[in-house]
Amino acid sequence: MPSDRPRQRQLWLLPVLLITVIATAVGALFARMWYDEPASASPPAVIPSSSAVPQDDQPGTGVVKGTPDATGHPMYDTVRELLQRYFDSINTKDYAAWQDTVIPERVARQPQDKWLADYRTTRDGNIVVYRIELAEDDSVRALMTFTSTQDPNDAPQELPEACINWNVVFPLIQLDGEWRIDSSPASASPQHEACPQS
């Protein structure tokens with residue numbers, strides 16, 4: 001009479017094997033979620049709106065955001081992180097932090113006393129990167145807009161306004177392996193206009 005023990009062993013192994021496969025799949029899923037989680041998640045992409053930030057809320061949030069076109073660029077996280085440090089340094093009046101975001105020539109042109117005087121009342125916000133372009137010389141150009149509020153006496157001489165909307169092109173270059181904001185004619189003479197009055 002044949003023994004049922006081999007069949008019983010097979011039936012006993014089936015649930016164990018099933019539990020092992022499920023446990024492995026769940027473990028892999030958790031591992032993927034853990035390692036794919038970015039260290040500092042970028043804000044979600046924004047779709048530019050024609051509606052301005054209300055006058056009482058100007059200049060708007062200081063968080064650097066990007067359009068879908070910008071956020072889809074491979075350099076976006078690097079560009080956003082650099083620009084975030086740049087605008088944070090202005091908003092917090094941290095000259096040392098600002099120095100770490102720009103090329104040495106800009107630091108030489110704006111020593112600390114001049115920089116603090118230039119930005120003493122400035123607040124920047126509503127910062128949106130519209131497009132990122134790579135140049136032939138391995139530099140990067142960030143096409144962006146932002147809003148600044150300031151005492152009109154601290155605004156550009158040609159536009160002494162308390163609130164200004166800026167359209168700028170920031171050139172970025174690598175310096176000793178780190179990205180910095182360069183100078184260019186486009187960044188030296190950006191397009192700007194007074195914020196609409198609500």
# chains A, B, ... in the order shown; residues from 1 in each chain; ligands from 1
call {"tool": "residues_around", "arguments": {"residues": "stretch 97-112 of chain A", "least_positions_apart": "2", "cutoff": "9 Å", "atoms": "only C-alpha atoms", "output": "PyMOL selection string"}}
result
chain A and resi 82-83+85-90+93-95+114-117+172-173+175+179-183
call {"tool": "closest_residue", "arguments": {"among": "A:Asp124, A:Asp57, A:Asp118, A:Glu178", "to": "A:Ile164", "atoms": "only C-alpha atoms"}}
result
A:Asp124
call {"tool": "residues_around", "arguments": {"residues": "A:Gly72", "least_positions_apart": "2", "cutoff": "12 Å", "atoms": "only C-alpha atoms", "output": "PDB file with N, CA and C atoms, in the first residue's frame"}}
result
ATOM      1  N   SER A  42      11.329  68.015  -4.199  1.00  0.00           N
ATOM      2  CA  SER A  42      11.067  69.316  -4.788  1.00  0.00           C
ATOM      3  C   SER A  42       9.571  69.576  -4.763  1.00  0.00           C
ATOM      4  N   PRO A  44       5.942  70.335  -6.181  1.00  0.00           N
ATOM      5  CA  PRO A  44       5.356  69.873  -7.443  1.00  0.00           C
ATOM      6  C   PRO A  44       5.410  70.966  -8.505  1.00  0.00           C
ATOM      7  N   ALA A  45       5.367  70.545  -9.762  1.00  0.00           N
ATOM      8  CA  ALA A  45       5.383  71.504 -10.870  1.00  0.00           C
ATOM      9  C   ALA A  45       4.169  72.409 -10.789  1.00  0.00           C
ATOM     10  N   VAL A  46       4.354  73.646 -11.241  1.00  0.00           N
ATOM     11  CA  VAL A  46       3.259  74.610 -11.223  1.00  0.00           C
ATOM     12  C   VAL A  46       2.927  75.014 -12.646  1.00  0.00           C
ATOM     13  N   GLY A  66       8.881  75.200 -10.249  1.00  0.00           N
ATOM     14  CA  GLY A  66       9.150  75.105 -11.676  1.00  0.00           C
ATOM     15  C   GLY A  66       7.919  74.706 -12.447  1.00  0.00           C
ATOM     16  N   THR A  67       7.883  75.106 -13.712  1.00  0.00           N
ATOM     17  CA  THR A  67       6.817  74.671 -14.607  1.00  0.00           C
ATOM     18  C   THR A  67       7.073  73.212 -14.986  1.00  0.00           C
ATOM     19  N   PRO A  68       6.091  72.526 -15.560  1.00  0.00           N
ATOM     20  CA  PRO A  68       6.342  71.149 -16.021  1.00  0.00           C
ATOM     21  C   PRO A  68       7.527  71.057 -16.975  1.00  0.00           C
ATOM     22  N   ASP A  69       7.711  72.069 -17.820  1.00  0.00           N
ATOM     23  CA  ASP A  69       8.849  72.066 -18.744  1.00  0.00           C
ATOM     24  C   ASP A  69      10.172  72.080 -17.976  1.00  0.00           C
ATOM     25  N   ALA A  70      10.249  72.912 -16.935  1.00  0.00           N
ATOM     26  CA  ALA A  70      11.486  73.016 -16.157  1.00  0.00           C
ATOM     27  C   ALA A  70      11.719  71.777 -15.295  1.00  0.00           C
ATOM     28  N   PRO A  74      16.695  67.277 -16.709  1.00  0.00           N
ATOM     29  CA  PRO A  74      17.584  66.523 -15.796  1.00  0.00           C
ATOM     30  C   PRO A  74      18.333  67.398 -14.790  1.00  0.00           C
ATOM     31  N   MET A  75      18.535  68.677 -15.116  1.00  0.00           N
ATOM     32  CA  MET A  75      19.273  69.579 -14.219  1.00  0.00           C
ATOM     33  C   MET A  75      18.360  70.291 -13.223  1.00  0.00           C
ATOM     34  N   TYR A  76      17.059  70.019 -13.253  1.00  0.00           N
ATOM     35  CA  TYR A  76      16.132  70.825 -12.461  1.00  0.00           C
ATOM     36  C   TYR A  76      16.456  70.816 -10.969  1.00  0.00           C
ATOM     37  N   ASP A  77      16.653  69.649 -10.381  1.00  0.00           N
ATOM     38  CA  ASP A  77      16.891  69.598  -8.930  1.00  0.00           C
ATOM     39  C   ASP A  77      18.139  70.380  -8.548  1.00  0.00           C
ATOM     40  N   VAL A 129      10.733  78.873 -12.051  1.00  0.00           N
ATOM     41  CA  VAL A 129      11.648  78.562 -13.149  1.00  0.00           C
ATOM     42  C   VAL A 129      10.793  78.058 -14.313  1.00  0.00           C
ATOM     43  N   TYR A 130      10.863  78.765 -15.439  1.00  0.00           N
ATOM     44  CA  TYR A 130      10.050  78.402 -16.600  1.00  0.00           C
ATOM     45  C   TYR A 130      10.757  77.412 -17.511  1.00  0.00           C
ATOM     46  N   ARG A 131      12.060  77.580 -17.656  1.00  0.00           N
ATOM     47  CA  ARG A 131      12.792  76.745 -18.607  1.00  0.00           C
ATOM     48  C   ARG A 131      14.251  76.664 -18.204  1.00  0.00           C
ATOM     49  N   ILE A 132      14.861  75.535 -18.492  1.00  0.00           N
ATOM     50  CA  ILE A 132      16.292  75.339 -18.256  1.00  0.00           C
ATOM     51  C   ILE A 132      16.926  74.951 -19.590  1.00  0.00           C
ATOM     52  N   GLU A 133      17.986  75.664 -19.968  1.00  0.00           N
ATOM     53  CA  GLU A 133      18.656  75.393 -21.239  1.00  0.00           C
ATOM     54  C   GLU A 133      20.132  75.145 -21.007  1.00  0.00           C
TER      55      GLU A 133
END
call {"tool": "atom_distance", "arguments": {"atom1": "atom CA of A:Asn153", "atom2": "atom CA of A:Asn167"}}
result
21.0 Å
call {"tool": "closest_residue", "arguments": {"among": "A:Asn91, A:Gln191, A:Gln55, A:Thr122", "to": "A:Pro152", "atoms": "only C-alpha atoms"}}
result
A:Thr122
call {"tool": "atom_distance", "arguments": {"atom1": "atom CA of A:Thr147", "atom2": "atom CA of A:Cys195"}}
result
8.1 Å
call {"tool": "residues_around", "arguments": {"residues": "A:Asn165", "least_positions_apart": "3", "cutoff": "7 Å", "atoms": "only C-alpha atoms", "output": "list in words"}}
result
Phe146, Thr147, Ser148, His192, Glu193, Ala194 and Cys195 of chain A
